[in-house]
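Student: I'm passing along model_12.cif; it holds mmCIF, C-alpha atoms.
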data_work
#
loop_
_atom_site.group_PDB
_atom_site.id
_atom_site.type_symbol
_atom_site.label_atom_id
_atom_site.label_comp_id
_atom_site.auth_asym_id
_atom_site.auth_seq_id
_atom_site.Cartn_x
_atom_site.Cartn_y
_atom_site.Cartn_z
ATOM 1 C CA MET A 1 3.675 14.897 13.862
ATOM 2 C CA ILE A 2 0.549 14.269 15.965
ATOM 3 C CA ARG A 3 -0.348 11.335 13.731
ATOM 4 C CA PHE A 4 3.153 9.924 14.111
ATOM 5 C CA ILE A 5 3.081 10.177 17.928
ATOM 6 C CA PHE A 6 -0.363 8.563 18.050
ATOM 7 C CA ALA A 7 0.708 5.713 15.788
ATOM 8 C CA LEU A 8 3.919 5.192 17.770
ATOM 9 C CA ALA A 9 2.004 5.017 21.066
ATOM 10 C CA LEU A 10 -0.392 2.425 19.654
ATOM 11 C CA SER A 11 2.520 0.452 18.227
ATOM 12 C CA LEU A 12 4.368 0.335 21.547
ATOM 13 C CA ALA A 13 1.239 -0.675 23.456
ATOM 14 C CA SER A 14 0.480 -3.477 20.987
ATOM 15 C CA PHE A 15 4.119 -4.604 20.860
ATOM 16 C CA ARG A 16 4.348 -4.909 24.662
ATOM 17 C CA GLN A 17 1.186 -7.038 24.729
ATOM 18 C CA ILE A 18 2.378 -9.263 21.888
ATOM 19 C CA VAL A 19 5.925 -10.020 23.094
ATOM 20 C CA ALA A 20 4.724 -11.032 26.568
ATOM 21 C CA GLN A 21 3.370 -14.305 25.110
ATOM 22 C CA SER A 22 4.145 -16.720 22.311
ATOM 23 C CA THR A 23 4.647 -14.905 19.029
ATOM 24 C CA ALA A 24 4.898 -15.585 15.327
ATOM 25 C CA PHE A 25 7.305 -13.623 13.148
ATOM 26 C CA VAL A 26 6.188 -13.464 9.514
ATOM 27 C CA VAL A 27 8.452 -12.538 6.596
ATOM 28 C CA GLN A 28 6.289 -12.007 3.523
ATOM 29 C CA GLY A 29 5.982 -10.450 0.099
ATOM 30 C CA GLY A 30 4.040 -10.618 -3.139
ATOM 31 C CA LEU A 31 2.143 -8.784 -5.847
ATOM 32 C CA THR A 32 0.588 -5.320 -5.434
ATOM 33 C CA VAL A 33 -2.107 -3.987 -7.761
ATOM 34 C CA GLY A 34 -2.283 -0.216 -7.325
ATOM 35 C CA ILE A 35 -5.524 1.639 -8.071
ATOM 36 C CA GLN A 36 -6.002 5.402 -7.791
ATOM 37 C CA LYS A 37 -9.040 7.649 -7.902
ATOM 38 C CA TRP A 38 -8.183 10.936 -9.626
ATOM 39 C CA ASP A 39 -10.809 13.666 -9.342
ATOM 40 C CA ASN A 40 -11.144 15.927 -12.420
ATOM 41 C CA SER A 41 -8.699 13.928 -14.503
ATOM 42 C CA PHE A 42 -8.387 11.225 -17.153
ATOM 43 C CA GLN A 43 -8.989 7.515 -16.659
ATOM 44 C CA ARG A 44 -6.394 5.626 -14.636
ATOM 45 C CA GLU A 45 -5.231 2.040 -15.105
ATOM 46 C CA PRO A 46 -3.769 -0.391 -12.528
ATOM 47 C CA LEU A 47 -0.112 -0.322 -11.521
ATOM 48 C CA PHE A 48 1.519 -3.732 -10.961
ATOM 49 C CA LYS A 49 4.401 -3.853 -8.460
ATOM 50 C CA LEU A 50 5.882 -5.989 -5.671
ATOM 51 C CA HIS A 51 5.752 -5.460 -1.912
ATOM 52 C CA GLY A 52 7.444 -6.832 1.198
ATOM 53 C CA SER A 53 6.719 -6.669 4.918
ATOM 54 C CA LEU A 54 7.582 -7.974 8.378
ATOM 55 C CA CYS A 55 4.892 -8.890 10.900
ATOM 56 C CA ILE A 56 4.846 -9.850 14.584
ATOM 57 C CA GLU A 57 1.731 -11.630 15.807
ATOM 58 C CA SER A 58 0.513 -12.968 19.150
ATOM 59 C CA VAL A 59 -0.073 -16.731 19.499
ATOM 60 C CA ASP A 60 -2.275 -18.442 22.103
ATOM 61 C CA ASN A 61 -0.722 -21.803 22.978
ATOM 62 C CA GLU A 62 -4.014 -23.234 24.283
ATOM 63 C CA ASN A 63 -6.573 -21.857 21.835
ATOM 64 C CA ASP A 64 -5.073 -20.249 18.731
ATOM 65 C CA ARG A 65 -8.324 -18.649 17.540
ATOM 66 C CA SER A 66 -7.452 -14.934 17.623
ATOM 67 C CA ALA A 67 -4.387 -12.711 17.543
ATOM 68 C CA LEU A 68 -3.128 -9.160 17.642
ATOM 69 C CA PHE A 69 -0.480 -8.131 15.137
ATOM 70 C CA MET A 70 1.763 -5.281 14.053
ATOM 71 C CA GLN A 71 3.099 -5.139 10.496
ATOM 72 C CA ILE A 72 5.510 -2.793 8.733
ATOM 73 C CA GLY A 73 6.266 -2.963 5.029
ATOM 74 C CA TYR A 74 7.366 -1.286 1.806
ATOM 75 C CA HIS A 75 4.645 -0.780 -0.812
ATOM 76 C CA THR A 76 4.673 1.002 -4.161
ATOM 77 C CA LYS A 77 1.256 2.566 -4.711
ATOM 78 C CA GLY A 78 -0.043 4.475 -7.698
ATOM 79 C CA SER A 79 -1.532 3.991 -11.138
ATOM 80 C CA ALA A 80 -0.563 3.992 -14.809
ATOM 81 C CA THR A 81 -1.593 5.165 -18.257
ATOM 82 C CA ARG A 82 -1.087 2.913 -21.259
ATOM 83 C CA PHE A 83 -1.337 3.960 -24.878
ATOM 84 C CA GLN A 84 -0.529 2.494 -28.286
ATOM 85 C CA VAL A 85 1.501 4.162 -31.043
ATOM 86 C CA PHE A 86 2.024 3.044 -34.637
ATOM 87 C CA ASN A 87 5.708 2.439 -35.338
ATOM 88 C CA GLN A 88 6.386 4.038 -38.727
ATOM 89 C CA GLN A 89 9.901 2.624 -39.018
ATOM 90 C CA GLY A 90 9.334 -0.997 -38.116
ATOM 91 C CA GLY A 91 5.604 -1.194 -38.643
ATOM 92 C CA GLY A 92 3.144 -2.565 -36.163
ATOM 93 C CA ILE A 93 1.794 -1.055 -32.967
ATOM 94 C CA ARG A 94 3.846 -0.482 -29.827
ATOM 95 C CA THR A 95 2.373 -0.134 -26.346
ATOM 96 C CA TYR A 96 3.835 2.444 -23.934
ATOM 97 C CA SER A 97 3.194 2.742 -20.219
ATOM 98 C CA GLU A 98 3.573 5.771 -17.935
ATOM 99 C CA GLU A 99 3.645 5.065 -14.204
ATOM 100 C CA PHE A 100 2.681 7.323 -11.307
ATOM 101 C CA ARG A 101 4.513 5.806 -8.342
ATOM 102 C CA PHE A 102 4.403 6.600 -4.624
ATOM 103 C CA ASN A 103 6.874 4.521 -2.605
ATOM 104 C CA ASN A 104 5.370 4.171 0.866
ATOM 105 C CA ILE A 105 6.221 2.679 4.243
ATOM 106 C CA SER A 106 3.044 1.235 5.800
ATOM 107 C CA LEU A 107 2.413 0.410 9.475
ATOM 108 C CA ILE A 108 -0.659 -1.731 10.278
ATOM 109 C CA LEU A 109 -2.080 -2.471 13.735
ATOM 110 C CA GLY A 110 -4.832 -5.057 13.687
ATOM 111 C CA ALA A 111 -6.607 -8.150 14.950
ATOM 112 C CA LYS A 112 -6.977 -11.579 13.394
ATOM 113 C CA GLN A 113 -9.668 -14.252 13.752
ATOM 114 C CA LYS A 114 -8.772 -17.877 12.959
ATOM 115 C CA PHE A 115 -10.768 -21.041 12.241
ATOM 116 C CA PRO A 116 -9.646 -24.704 11.933
ATOM 117 C CA LEU A 117 -9.041 -26.086 8.449
ATOM 118 C CA GLY A 118 -7.882 -29.680 8.614
ATOM 119 C CA ALA A 119 -5.331 -31.067 11.054
ATOM 120 C CA SER A 120 -2.481 -28.604 10.518
ATOM 121 C CA SER A 121 -3.919 -25.488 8.911
ATOM 122 C CA ARG A 122 -6.300 -22.612 9.636
ATOM 123 C CA TYR A 123 -8.130 -20.036 7.589
ATOM 124 C CA PHE A 124 -8.409 -16.487 8.892
ATOM 125 C CA TYR A 125 -9.583 -12.958 8.291
ATOM 126 C CA TYR A 126 -8.212 -9.728 9.721
ATOM 127 C CA GLY A 127 -8.801 -6.006 9.943
ATOM 128 C CA GLY A 128 -6.662 -3.098 11.050
ATOM 129 C CA ILE A 129 -5.851 0.578 10.905
ATOM 130 C CA ARG A 130 -2.925 1.754 8.817
ATOM 131 C CA GLY A 131 -0.571 4.705 8.606
ATOM 132 C CA ASP A 132 1.528 5.426 5.490
ATOM 133 C CA TYR A 133 4.535 7.658 4.913
ATOM 134 C CA THR A 134 5.715 8.423 1.353
ATOM 135 C CA LEU A 135 9.483 8.006 1.050
ATOM 136 C CA SER A 136 9.748 9.003 -2.607
ATOM 137 C CA THR A 137 7.785 9.500 -5.819
ATOM 138 C CA ASN A 138 8.441 9.925 -9.537
ATOM 139 C CA ILE A 139 5.729 12.519 -10.234
ATOM 140 C CA ASP A 140 8.191 15.428 -10.261
ATOM 141 C CA ASN A 141 10.019 13.874 -13.253
ATOM 142 C CA LEU A 142 7.094 12.957 -15.488
ATOM 143 C CA ALA A 143 6.763 16.265 -17.343
ATOM 144 C CA ALA A 144 10.475 17.154 -17.365
ATOM 145 C CA ASP A 145 10.754 16.733 -21.146
ATOM 146 C CA ASN A 146 7.680 18.831 -21.955
ATOM 147 C CA PRO A 147 7.187 22.029 -19.885
ATOM 148 C CA PHE A 148 3.787 22.645 -21.516
ATOM 149 C CA LEU A 149 2.432 19.604 -19.660
ATOM 150 C CA ILE A 150 3.665 20.575 -16.185
ATOM 151 C CA GLY A 151 0.289 21.976 -15.164
ATOM 152 C CA TYR A 152 -1.477 18.791 -16.218
ATOM 153 C CA TYR A 153 0.695 16.417 -14.175
ATOM 154 C CA PRO A 154 0.738 16.035 -10.378
ATOM 155 C CA GLN A 155 3.251 18.306 -8.649
ATOM 156 C CA ILE A 156 5.254 17.195 -5.641
ATOM 157 C CA GLY A 157 4.332 20.352 -3.726
ATOM 158 C CA SER A 158 0.703 19.180 -3.495
ATOM 159 C CA MET A 159 1.571 15.667 -2.342
ATOM 160 C CA ASN A 160 0.742 14.519 1.189
ATOM 161 C CA ARG A 161 3.464 12.398 2.753
ATOM 162 C CA TRP A 162 1.290 11.131 5.647
ATOM 163 C CA MET A 163 -1.867 9.091 5.016
ATOM 164 C CA LEU A 164 -4.316 7.084 7.096
ATOM 165 C CA GLY A 165 -6.166 4.041 5.867
ATOM 166 C CA LEU A 166 -7.758 0.673 6.572
ATOM 167 C CA SER A 167 -6.577 -2.850 5.808
ATOM 168 C CA VAL A 168 -8.717 -6.001 5.571
ATOM 169 C CA GLY A 169 -7.932 -9.431 4.271
ATOM 170 C CA GLY A 170 -8.075 -13.181 4.676
ATOM 171 C CA GLY A 171 -6.094 -16.279 3.939
ATOM 172 C CA ILE A 172 -4.706 -19.609 5.087
ATOM 173 C CA GLU A 173 -2.017 -20.592 7.621
ATOM 174 C CA PHE A 174 -0.341 -23.994 7.384
ATOM 175 C CA ASN A 175 2.411 -25.744 9.343
ATOM 176 C CA PHE A 176 5.621 -27.256 7.952
ATOM 177 C CA ALA A 177 6.878 -28.257 11.419
ATOM 178 C CA GLU A 178 6.161 -27.340 15.034
ATOM 179 C CA LEU A 179 7.864 -23.937 14.840
ATOM 180 C CA ILE A 180 7.815 -23.230 11.082
ATOM 181 C CA GLY A 181 4.860 -22.599 8.820
ATOM 182 C CA GLY A 182 3.581 -20.713 5.811
ATOM 183 C CA GLN A 183 0.863 -18.192 5.074
ATOM 184 C CA LEU A 184 -1.094 -17.102 1.990
ATOM 185 C CA THR A 185 -3.083 -13.843 2.170
ATOM 186 C CA VAL A 186 -5.348 -11.808 -0.096
ATOM 187 C CA SER A 187 -6.002 -8.253 1.129
ATOM 188 C CA VAL A 188 -7.300 -4.806 0.195
ATOM 189 C CA HIS A 189 -5.922 -1.510 1.548
ATOM 190 C CA PRO A 190 -8.002 1.639 0.897
ATOM 191 C CA ASP A 191 -6.677 5.007 2.068
ATOM 192 C CA VAL A 192 -9.038 7.227 4.048
ATOM 193 C CA THR A 193 -7.042 10.412 3.419
ATOM 194 C CA ASN A 194 -5.718 11.690 0.091
ATOM 195 C CA GLN A 195 -2.249 11.108 -1.295
ATOM 196 C CA TYR A 196 -2.530 14.350 -3.259
ATOM 197 C CA ASN A 197 -4.469 17.612 -2.813
ATOM 198 C CA GLN A 198 -4.107 20.281 -5.499
ATOM 199 C CA PRO A 199 -6.090 23.551 -5.567
ATOM 200 C CA PRO A 200 -7.194 25.057 -8.914
ATOM 201 C CA ILE A 201 -4.281 26.407 -10.986
ATOM 202 C CA PRO A 202 -5.195 29.463 -13.136
ATOM 203 C CA ASN A 203 -3.391 30.975 -16.161
ATOM 204 C CA VAL A 204 -1.825 27.758 -17.454
ATOM 205 C CA ILE A 205 -0.671 27.829 -21.103
ATOM 206 C CA ASN A 206 -2.953 25.646 -23.204
ATOM 207 C CA PRO A 207 -0.701 23.434 -25.392
ATOM 208 C CA LEU A 208 -3.610 22.780 -27.765
ATOM 209 C CA SER A 209 -4.311 26.511 -28.307
ATOM 210 C CA PRO A 210 -1.068 28.544 -28.439
ATOM 211 C CA GLY A 211 -1.381 31.990 -26.889
ATOM 212 C CA GLN A 212 -4.353 31.029 -24.733
ATOM 213 C CA THR A 213 -4.455 30.076 -21.071
ATOM 214 C CA THR A 214 -6.715 27.803 -19.098
ATOM 215 C CA THR A 215 -7.428 26.853 -15.470
ATOM 216 C CA ILE A 216 -6.513 23.404 -14.208
ATOM 217 C CA PRO A 217 -9.328 22.191 -11.887
ATOM 218 C CA ALA A 218 -8.657 21.094 -8.324
ATOM 219 C CA ARG A 219 -7.360 17.546 -8.164
ATOM 220 C CA LYS A 220 -7.416 14.915 -5.435
ATOM 221 C CA ILE A 221 -5.751 11.513 -5.599
ATOM 222 C CA ARG A 222 -6.558 8.621 -3.277
ATOM 223 C CA ASN A 223 -4.875 5.196 -3.175
ATOM 224 C CA THR A 224 -6.260 1.688 -2.939
ATOM 225 C CA THR A 225 -4.165 -1.455 -3.290
ATOM 226 C CA LEU A 226 -4.998 -5.117 -3.743
ATOM 227 C CA GLU A 227 -2.303 -7.537 -2.586
ATOM 228 C CA LEU A 228 -1.522 -11.221 -2.923
ATOM 229 C CA THR A 229 1.057 -12.177 -0.287
ATOM 230 C CA VAL A 230 3.059 -15.319 0.543
ATOM 231 C CA GLY A 231 4.799 -15.528 3.922
ATOM 232 C CA LEU A 232 7.079 -17.672 6.073
ATOM 233 C CA ARG A 233 5.931 -17.997 9.720
ATOM 234 C CA LEU A 234 8.530 -18.541 12.480
ATOM 235 C CA LEU A 235 7.065 -19.361 15.906
ATOM 236 C CA ARG A 236 8.597 -18.222 19.188
ATOM 237 C CA LYS A 237 6.937 -20.318 21.875
ATOM 238 C CA VAL A 238 6.705 -19.159 25.491
ATOM 239 C CA GLU A 239 5.701 -21.692 28.144
ATOM 240 C CA TYR A 240 5.109 -20.804 31.792
ATOM 241 C CA VAL A 241 6.259 -23.291 34.429
ATOM 242 C CA GLU A 242 4.627 -23.187 37.852
#
Render the structure in this file as structure tokens.
Tutor:
Amino acid sequence: MIRFIFALALSLASFRQIVAQSTAFVVQGGLTVGIQKWDNSFQREPLFKLHGSLCIESVDNENDRSALFMQIGYHTKGSATRFQVFNQQGGGIRTYSEEFRFNNISLILGAKQKFPLGASSRYFYYGGIRGDYTLSTNIDNLAADNPFLIGYYPQIGSMNRWMLGLSVGGGIEFNFAELIGGQLTVSVHPDVTNQYNQPPIPNVINPLSPGQTTTIPARKIRNTTLELTVGLRLLRKVEYVE
């Protein structure tokens, strides 16, 4: 709750400063590559999903070299395992994928630095702080068909719904007309806090040795995402008349 209040206060302060001047509204979306670090666990592979977000950004009519922005979006984070099985009936090898998905709402507050690139475009880089809230996940359904594997899969009771992180990226802005433009961005979003914290779990039935038990080590999961984003920029221009 403290994190939420702090983030809300920062959001309101930034929003008031942004809307008092010319602003750009950006509708954007693209590809997300989810990467997770799992402590004390097997190797993870990338998860490929889509994302979408809305952004409001300050615009300086005289010297559009820097900006403040606030962005909120929907992002599926996580990782996957992929394995191959020989198909005895049809022959050949089939590839199966198992996804670990965390469906998050992300709020980013940041600053942007811009540089000229030709007559009607600019390249930029940005950085910001980010707060995430997990709306839903599929981890509680992964071991439903095999109770012996429950202790080896993440459990929803050890999941953190609130996370803090950083966001950095860069890209190009270009104009279609005076008040309409486009944007292409490449960015990386590492979490600072863990998505999942599990203490050691003792006395778990070992499926490989019937009648014996084992202890599942403590497990921590942390998210990082790489994103390729395409956006439509709509400019709201404010001019002051003396």
Student: List the neighbours of A:Ile108 out to 8 Å using only C-alpha atoms; skip same-chain residues closer than 5 positions along the sequence, and give me the result as a list in words.
Tutor: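 The residues satisfying every condition are Met70, Gln71, Ile72, Gly128, Ile129, Arg130, Gly131 and Ser167 of chain A.
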Student: Can you write just those residues out, C-alpha atoms, as a PDB file, keeping the file's coordinate frame?
Tutor:
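What landed in selection_35.pdb:
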ATOM      1  CA  MET A  70       1.763  -5.281  14.053  1.00  0.00           C
ATOM      2  CA  GLN A  71       3.099  -5.139  10.496  1.00  0.00           C
ATOM      3  CA  ILE A  72       5.510  -2.793   8.733  1.00  0.00           C
ATOM      4  CA  GLY A 128      -6.662  -3.098  11.050  1.00  0.00           C
ATOM      5  CA  ILE A 129      -5.851   0.578  10.905  1.00  0.00           C
ATOM      6  CA  ARG A 130      -2.925   1.754   8.817  1.00  0.00           C
ATOM      7  CA  GLY A 131      -0.571   4.705   8.606  1.00  0.00           C
ATOM      8  CA  SER A 167      -6.577  -2.850   5.808  1.00  0.00           C
TER       9      SER A 167
END
Student: List the neighbours of A:Gln183 out to 12 Å using all atoms listed in the file; skip same-chain residues closer than 6 positions along the sequence, and give me the result as a PyMOL selection string.
Tutor: chain A and resi 24-30+55+121-124+170-176+228-234
Student: What would the file look like if the residues just selected were written as a CSV table (one decimal), in the frame of the given file with C-alpha atoms?
Tutor:
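Generated file (again-v9.csv):
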chain,number,residue,atom,x,y,z
A,24,ALA,CA,4.9,-15.6,15.3
A,25,PHE,CA,7.3,-13.6,13.1
A,26,VAL,CA,6.2,-13.5,9.5
A,27,VAL,CA,8.5,-12.5,6.6
A,28,GLN,CA,6.3,-12.0,3.5
A,29,GLY,CA,6.0,-10.4,0.1
A,30,GLY,CA,4.0,-10.6,-3.1
A,55,CYS,CA,4.9,-8.9,10.9
A,121,SER,CA,-3.9,-25.5,8.9
A,122,ARG,CA,-6.3,-22.6,9.6
A,123,TYR,CA,-8.1,-20.0,7.6
A,124,PHE,CA,-8.4,-16.5,8.9
A,170,GLY,CA,-8.1,-13.2,4.7
A,171,GLY,CA,-6.1,-16.3,3.9
A,172,ILE,CA,-4.7,-19.6,5.1
A,173,GLU,CA,-2.0,-20.6,7.6
A,174,PHE,CA,-0.3,-24.0,7.4
A,175,ASN,CA,2.4,-25.7,9.3
A,176,PHE,CA,5.6,-27.3,8.0
A,228,LEU,CA,-1.5,-11.2,-2.9
A,229,THR,CA,1.1,-12.2,-0.3
A,230,VAL,CA,3.1,-15.3,0.5
A,231,GLY,CA,4.8,-15.5,3.9
A,232,LEU,CA,7.1,-17.7,6.1
A,233,ARG,CA,5.9,-18.0,9.7
A,234,LEU,CA,8.5,-18.5,12.5
Student: Set the distance at 9 Å and use all atoms listed in the file: which residues neighbour stretch 212-225 of chain A once local chain neighbours fewer than 5 positions away are removed? I'd like the list as a PyMOL selection string.
Tutor: chain A and resi 32-41+77-79+151-152+154+187-207
Student: For A:Gly181, which residue out of A:Leu107, A:Val59, A:Leu235, A:Leu47 is the nearest one, using all atoms listed in the file?
Tutor: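 Using all atoms listed in the file, the shortest distance to A:Gly181 belongs to A:Leu235.
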Student: Given the point (8.8, -2.2, 0.1) in the coordinates of this file, which residues lie within 12 Å, counting only C-alpha atoms, and how would they look as number ranges by chain?
Tutor: A: 28-32, 49-54, 72-77, 102-107, 132-136
Student: What is the distance between atom CA of A:Lys114 and atom CA of A:Tyr126, in Å to one decimal?
Tutor: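 Atom CA of A:Lys114 sits 8.8 Å away from atom CA of A:Tyr126.
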